[in-house]
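Each remark here refers to the structure printed beneath this line.
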Amino acid sequence: MFSLQPLFLFLLLLSANAAPAQQCRFETSQGKESATYFEAIEWFTLLDKKSTMVKVREMGTTDAGYPLHLVLVSRDGAFDIAQWKQQQKIIILINNGIHPGEPDGIDASMLLVRDIVANKTTLPPNVVLAFIPVYNIGGSLNRGAVSRVNQNGPLAYGFRGNAQNLDLNRDFTKCDSKNARSFAAIFHLLDPDILVDNHVSDGADYQHTMTLITTQYDKLGGELGNWLKTSFEPALYKQMASLGWPMTPYVNFETARPENGMQQFYDPPRYSSGYAALFTTIGFIPETHMLKPYQQRVQSTYDLMKTITVQASDDAFNITRLRKHARIAARSIKEFPLSWRPDTTQHSMISFMGYGQAFKTSEATGLNSMYYDRNKPYTQPVKLCDKFVPVNTIKAPEAYLVPQGWHAVIDLLKLNGARYSRLNSDTLMTVEAYRVQEYKAAPRAYEKHHKNSGVKVATSIQAIQFLKGDYLFNMNQPANRYIVEMLEPTGDDSFFAWNFFDAILQQKEGYSDYRWEDIAAATLKNNPALARQLQEKRKEDAAFAGNASAQLDFIYKNSIYYEPEHLRYPVFRILPAVR
């Protein structure tokens, strides 16, 4: 059978060489349609062939079986990443289509790179751009027109879930998808100064076309976080307003009433901006407003990417200097917050452009229903709570010791650049160990897991036999924050929270009551302290005193017969005084 695809590609290439300003589906449809996955990859491949400023690389695989592509754009046509670092060029990584039903960034990036190649816009010489054209390829191929019921265009788009039906914007730390593993490899190869992850919002109605999630300033920390809040981010807002796109922080009202104020979005490391912060990368999640026409959303995304690029060029010295300082500081930090909460005693004021709320009788339910009245626009100052304070601060050990059997965790630590050594022989070591005392397992699945929360642990010093080849992760390296947040069991997005260690929650050995009765009695005779503990518990707890099985279990779990591995967290802390 004769295939039209080679001819189609040849004609596109011929058109690209003859007319630099080749048009994409978005343009030929007057802003109503979005490129498919294959069209986007063909578009960048043609630009690679046409221009020395563009280089397209395949960078790992995805759950859909297709490779993840990386498009590099460099004004001088040089693509040596180590050389970029030596030249102190600012690297901006732009991720598109993590939610393929929100394709604004896909089309905007195609236009931006085309315009750079065609000299319609200028890429500063001290900035290089790296684009992931379509991150969630499986979702992009699952194309339809009805899944985003709240959204105004385009006519067809992809689906939120990937080829495993995962939301990839919850997968940056647990890495259930091949996509996330390939992304991590790209991220650490580039070590971007700025990450831009393009999205579309889904919520209240208001006048703004573009809203923005910025890495939490306090979480980013130090000079870098303060400079981001007081200098770099305000410059973006000012420039976007001058282009006709007055922005607001991502609309996250404390209640449905704007006058009660907004809170900055909390971004634990499962999200792209929270993940980036662990490595001192400035993260932005642009969120265009779902109800604005698609053409406007794409244009505002284009303008924001261009604005970030120009501002990064102007502030290149500060970005490089402050990131360097932050990394040096990360090596010597002794205390790490594992979660954050908004400080409601402090706030700043922003100008918010909303619509008045009104009520009507719903034609669907016959009941009272709220709606936003676009005939009643308003602009008013609104409180923004953008100061966060640390919660659950942990003092870091000298090193973490991870037994080699927990290879899934070790693989992710390696993937994210954690440096390690291995024990040269079987070794008895004195370590600080955690024992899980309380936790709550979520009753419903969340992104392929039943997350653990409300975790409480007890600590003790123990002498434990470790094996040749077990892993030591010393806390004197750039990946310190990632290591702590992932290995401490009480962290928001720790490996324990994501069920990587659930095997320790199940007791492996047990007993039969009739057999244990005699051994339990002998155990009490040989252990007077345990016998006293049992007697005290009987006095304090009448139900326990009348429950033979509970008493046998108490004796068992406080005896030498009880397995030490049950509920003992299998990551151990090496303290300076006990190593």
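Just remember, in the structure tokens the first chain shown is A, the second B, etc., residues are 1-based per chain, and ligands are 1-based in the order shown.
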Can you pull out the residues contacting range 234-239 of chain A? Cut-off 8 Å, using only C-alpha atoms, and skip same-chain residues under 3 positions away; I want them as an NGL selection string.
:A and (229-231 or 242-243 or 246-247 or 304 or 307-308 or 311)
What lies within 6 Å of range 82-93 of chain A using only C-alpha atoms, ignoring chain neighbours under 4 positions off, as a list of chain:residue names? A:Asn126, A:Val127, A:Val128, A:Leu129, A:Ala130, A:Phe131, A:Pro192, A:Asp193, A:Ile194, A:Leu195
Of A:Arg323, A:His347, A:Lys537, A:Lys448, the one sitting nearest Asn165 in chain A when using only C-alpha atoms is A:Lys448
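In this model, the gap between CA of Pro249 in chain A and CA of Leu212 in chain A comes to 4.8 Å.
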Item checked: DSSP strand (DSSP E or B) residues within range 342-422 of chain A, as a VMD selection string -> chain A and resid 342 348 to 361 368 to 385 388 to 395 399 to 402 421 to 422
Q. Can you tell me, as a PyMOL selection string, what residues are no more than 7 Å from range 268-285 of chain A when counting only C-alpha atoms, ignoring any on the same chain fewer than 4 positions away?
A. chain A and resi 169-173+192-199+212-215+220+323+326-327+479+481-482+492-493
Nearby residues (only C-alpha atoms) at most 7 Å from Val298 in chain A, same-chain spacing under 5 positions excluded, as a list in words: Asp104, Gly105, Asp107 and Ala108 of chain A
The selected residues should be written to file as a PDB file, in the first residue's frame (atoms: all heavy atoms).
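Output saved as part_31.pdb:
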ATOM      1  N   ASP A 104      -1.860  24.274  25.805  1.00  0.00           N
ATOM      2  CA  ASP A 104      -1.428  25.631  25.459  1.00  0.00           C
ATOM      3  C   ASP A 104       0.079  25.715  25.226  1.00  0.00           C
ATOM      4  O   ASP A 104       0.553  26.329  24.271  1.00  0.00           O
ATOM      5  CB  ASP A 104      -1.823  26.607  26.568  1.00  0.00           C
ATOM      6  CG  ASP A 104      -3.300  26.567  26.910  1.00  0.00           C
ATOM      7  OD1 ASP A 104      -3.942  25.532  26.650  1.00  0.00           O
ATOM      8  OD2 ASP A 104      -3.817  27.554  27.448  1.00  0.00           O
ATOM      9  N   GLY A 105       0.848  25.103  26.124  1.00  0.00           N
ATOM     10  CA  GLY A 105       2.295  25.181  26.019  1.00  0.00           C
ATOM     11  C   GLY A 105       2.848  24.455  24.807  1.00  0.00           C
ATOM     12  O   GLY A 105       3.898  24.836  24.275  1.00  0.00           O
ATOM     13  N   ASP A 107       1.543  24.249  21.727  1.00  0.00           N
ATOM     14  CA  ASP A 107       1.459  25.130  20.562  1.00  0.00           C
ATOM     15  C   ASP A 107       2.306  26.384  20.736  1.00  0.00           C
ATOM     16  O   ASP A 107       2.972  26.836  19.793  1.00  0.00           O
ATOM     17  CB  ASP A 107       0.001  25.510  20.296  1.00  0.00           C
ATOM     18  CG  ASP A 107      -0.827  24.320  19.836  1.00  0.00           C
ATOM     19  OD1 ASP A 107      -0.450  23.685  18.835  1.00  0.00           O
ATOM     20  OD2 ASP A 107      -1.829  24.006  20.489  1.00  0.00           O
ATOM     21  N   ALA A 108       2.303  26.948  21.944  1.00  0.00           N
ATOM     22  CA  ALA A 108       3.084  28.163  22.182  1.00  0.00           C
ATOM     23  C   ALA A 108       4.575  27.904  21.992  1.00  0.00           C
ATOM     24  O   ALA A 108       5.302  28.751  21.449  1.00  0.00           O
ATOM     25  CB  ALA A 108       2.810  28.694  23.583  1.00  0.00           C
TER      26      ALA A 108
END
Long-range neighbours of Gly161 in chain A as a PDB file with all heavy atoms, in the first residue's frame, 8 Å cut-off, only C-alpha atoms, 5 positions minimum in chain:
ATOM      1  N   HIS A  99      -0.365  17.497  31.269  1.00  0.00           N
ATOM      2  CA  HIS A  99      -1.796  17.232  31.144  1.00  0.00           C
ATOM      3  C   HIS A  99      -2.176  17.577  29.702  1.00  0.00           C
ATOM      4  O   HIS A  99      -2.372  18.744  29.379  1.00  0.00           O
ATOM      5  CB  HIS A  99      -2.602  18.087  32.131  1.00  0.00           C
ATOM      6  CG  HIS A  99      -2.324  17.788  33.567  1.00  0.00           C
ATOM      7  ND1 HIS A  99      -2.445  18.732  34.569  1.00  0.00           N
ATOM      8  CD2 HIS A  99      -1.922  16.644  34.173  1.00  0.00           C
ATOM      9  CE1 HIS A  99      -2.134  18.179  35.728  1.00  0.00           C
ATOM     10  NE2 HIS A  99      -1.815  16.917  35.513  1.00  0.00           N
ATOM     11  N   GLY A 138       1.244   9.260  26.171  1.00  0.00           N
ATOM     12  CA  GLY A 138       0.077   8.378  26.189  1.00  0.00           C
ATOM     13  C   GLY A 138      -1.215   9.153  26.291  1.00  0.00           C
ATOM     14  O   GLY A 138      -2.193   8.867  25.595  1.00  0.00           O
ATOM     15  N   GLY A 139      -1.241  10.162  27.157  1.00  0.00           N
ATOM     16  CA  GLY A 139      -2.431  10.998  27.268  1.00  0.00           C
ATOM     17  C   GLY A 139      -2.685  11.806  26.028  1.00  0.00           C
ATOM     18  O   GLY A 139      -3.837  12.047  25.640  1.00  0.00           O
ATOM     19  N   LEU A 166      -1.940   7.466  34.978  1.00  0.00           N
ATOM     20  CA  LEU A 166      -1.345   8.233  36.059  1.00  0.00           C
ATOM     21  C   LEU A 166      -1.404   9.723  35.742  1.00  0.00           C
ATOM     22  O   LEU A 166      -1.275  10.129  34.582  1.00  0.00           O
ATOM     23  CB  LEU A 166       0.121   7.838  36.253  1.00  0.00           C
ATOM     24  CG  LEU A 166       0.402   6.444  36.802  1.00  0.00           C
ATOM     25  CD1 LEU A 166       1.887   6.134  36.694  1.00  0.00           C
ATOM     26  CD2 LEU A 166      -0.060   6.331  38.251  1.00  0.00           C
ATOM     27  N   ASP A 167      -1.579  10.535  36.778  1.00  0.00           N
ATOM     28  CA  ASP A 167      -1.416  11.975  36.651  1.00  0.00           C
ATOM     29  C   ASP A 167       0.066  12.254  36.853  1.00  0.00           C
ATOM     30  O   ASP A 167       0.579  12.159  37.970  1.00  0.00           O
ATOM     31  CB  ASP A 167      -2.261  12.702  37.701  1.00  0.00           C
ATOM     32  CG  ASP A 167      -2.226  14.208  37.542  1.00  0.00           C
ATOM     33  OD1 ASP A 167      -1.250  14.732  36.957  1.00  0.00           O
ATOM     34  OD2 ASP A 167      -3.165  14.885  38.015  1.00  0.00           O
ATOM     35  N   LEU A 168       0.755  12.609  35.790  1.00  0.00           N
ATOM     36  CA  LEU A 168       2.207  12.760  35.871  1.00  0.00           C
ATOM     37  C   LEU A 168       2.623  13.953  36.721  1.00  0.00           C
ATOM     38  O   LEU A 168       3.790  14.032  37.120  1.00  0.00           O
ATOM     39  CB  LEU A 168       2.805  12.878  34.460  1.00  0.00           C
ATOM     40  CG  LEU A 168       2.650  11.627  33.581  1.00  0.00           C
ATOM     41  CD1 LEU A 168       3.323  11.834  32.238  1.00  0.00           C
ATOM     42  CD2 LEU A 168       3.211  10.396  34.279  1.00  0.00           C
TER      43      LEU A 168
END
Across A:Met475, A:Val117, A:Leu46, A:Val56, the smallest distance to Arg331 in chain A, with only C-alpha atoms counted, is shown by A:Met475
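Note that the spacing between CA of Ala64 in chain A and CA of Lys451 in chain A amounts to 25.5 Å.
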Considering only C-alpha atoms, give me a table of residues in range 316-380 of chain A that are at most 12 Å from range 257-264 of chain A, with the closest atom pair and distance in Å for each, as a Markdown table.
| residue | atom | partner | partner_atom | distance |
| --- | --- | --- | --- | --- |
| A:Trp340 | CA | A:Gln264 | CA | 11.7 |
| A:Arg341 | CA | A:Gln264 | CA | 10.3 |
| A:Pro342 | CA | A:Gln263 | CA | 7.5 |
| A:Asp343 | CA | A:Gln263 | CA | 9.6 |
| A:Thr344 | CA | A:Gln263 | CA | 8.9 |
| A:Gln346 | CA | A:Gln263 | CA | 10.9 |
| A:His347 | CA | A:Gln263 | CA | 9.0 |
| A:Ser348 | CA | A:Gly261 | CA | 9.9 |
| A:Met349 | CA | A:Gly261 | CA | 9.0 |
| A:Ile350 | CA | A:Gly261 | CA | 9.6 |
| A:Ser351 | CA | A:Gly261 | CA | 11.1 |
| A:Phe352 | CA | A:Pro258 | CA | 8.5 |
| A:Met353 | CA | A:Pro258 | CA | 10.1 |
| A:Gly354 | CA | A:Pro258 | CA | 8.4 |
| A:Tyr355 | CA | A:Pro258 | CA | 10.0 |
| A:Gly356 | CA | A:Pro258 | CA | 9.8 |
| A:Gln357 | CA | A:Arg257 | CA | 8.7 |
| A:Ala358 | CA | A:Arg257 | CA | 11.8 |
| A:Met370 | CA | A:Arg257 | CA | 11.7 |
| A:Tyr372 | CA | A:Arg257 | CA | 11.6 |
| A:Tyr378 | CA | A:Pro258 | CA | 11.2 |
| A:Thr379 | CA | A:Pro258 | CA | 11.0 |
| A:Gln380 | CA | A:Glu259 | CA | 8.6 |
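For range 155-208 of chain A, a DSSP pass over the backbone yields alpha helix (DSSP H) at Lys178, Asn179, Ala180, Arg181, Ser182, Phe183, Ala184, Ala185, Ile186, Phe187, His188, Leu189 and Leu190 of chain A.
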Dump N, CA and C atoms for the selected residues as a PDB file, in the first residue's frame?
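Below is the file that was written, result-v8.pdb:
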ATOM      1  N   LYS A 178       7.550   5.555  33.427  1.00  0.00           N
ATOM      2  CA  LYS A 178       8.809   5.691  32.700  1.00  0.00           C
ATOM      3  C   LYS A 178       9.022   7.155  32.325  1.00  0.00           C
ATOM      4  N   ASN A 179       7.913   7.875  32.103  1.00  0.00           N
ATOM      5  CA  ASN A 179       8.020   9.301  31.781  1.00  0.00           C
ATOM      6  C   ASN A 179       8.786  10.038  32.873  1.00  0.00           C
ATOM      7  N   ALA A 180       8.404   9.804  34.142  1.00  0.00           N
ATOM      8  CA  ALA A 180       9.030  10.517  35.251  1.00  0.00           C
ATOM      9  C   ALA A 180      10.504  10.159  35.386  1.00  0.00           C
ATOM     10  N   ARG A 181      10.845   8.911  35.132  1.00  0.00           N
ATOM     11  CA  ARG A 181      12.251   8.516  35.208  1.00  0.00           C
ATOM     12  C   ARG A 181      13.063   9.181  34.099  1.00  0.00           C
ATOM     13  N   SER A 182      12.475   9.266  32.915  1.00  0.00           N
ATOM     14  CA  SER A 182      13.164   9.951  31.812  1.00  0.00           C
ATOM     15  C   SER A 182      13.273  11.445  32.100  1.00  0.00           C
ATOM     16  N   PHE A 183      12.218  12.009  32.707  1.00  0.00           N
ATOM     17  CA  PHE A 183      12.269  13.432  33.060  1.00  0.00           C
ATOM     18  C   PHE A 183      13.391  13.692  34.057  1.00  0.00           C
ATOM     19  N   ALA A 184      13.504  12.850  35.078  1.00  0.00           N
ATOM     20  CA  ALA A 184      14.548  13.047  36.082  1.00  0.00           C
ATOM     21  C   ALA A 184      15.930  13.018  35.445  1.00  0.00           C
ATOM     22  N   ALA A 185      16.132  12.106  34.492  1.00  0.00           N
ATOM     23  CA  ALA A 185      17.426  12.044  33.803  1.00  0.00           C
ATOM     24  C   ALA A 185      17.694  13.338  33.033  1.00  0.00           C
ATOM     25  N   ILE A 186      16.652  13.861  32.368  1.00  0.00           N
ATOM     26  CA  ILE A 186      16.794  15.131  31.639  1.00  0.00           C
ATOM     27  C   ILE A 186      17.084  16.266  32.615  1.00  0.00           C
ATOM     28  N   PHE A 187      16.321  16.313  33.696  1.00  0.00           N
ATOM     29  CA  PHE A 187      16.456  17.395  34.675  1.00  0.00           C
ATOM     30  C   PHE A 187      17.872  17.457  35.239  1.00  0.00           C
ATOM     31  N   HIS A 188      18.410  16.318  35.608  1.00  0.00           N
ATOM     32  CA  HIS A 188      19.740  16.324  36.229  1.00  0.00           C
ATOM     33  C   HIS A 188      20.845  16.463  35.194  1.00  0.00           C
ATOM     34  N   LEU A 189      20.590  16.081  33.962  1.00  0.00           N
ATOM     35  CA  LEU A 189      21.560  16.340  32.897  1.00  0.00           C
ATOM     36  C   LEU A 189      21.690  17.841  32.653  1.00  0.00           C
ATOM     37  N   LEU A 190      20.553  18.519  32.594  1.00  0.00           N
ATOM     38  CA  LEU A 190      20.555  19.953  32.307  1.00  0.00           C
ATOM     39  C   LEU A 190      20.864  20.796  33.535  1.00  0.00           C
TER      40      LEU A 190
END
Sorted by chain and rising residue number, which residues of range 352-424 of chain A lie within 10 Å of range 431-437 of chain A, and what are their closest atom pairs and distances in Å to one decimal, counting only C-alpha atoms, as a tab-separated table?
residue	atom	partner	partner_atom	distance
A:Pro397	CA	A:Glu432	CA	9.0
A:Tyr400	CA	A:Val431	CA	9.4
A:Leu401	CA	A:Val431	CA	8.7
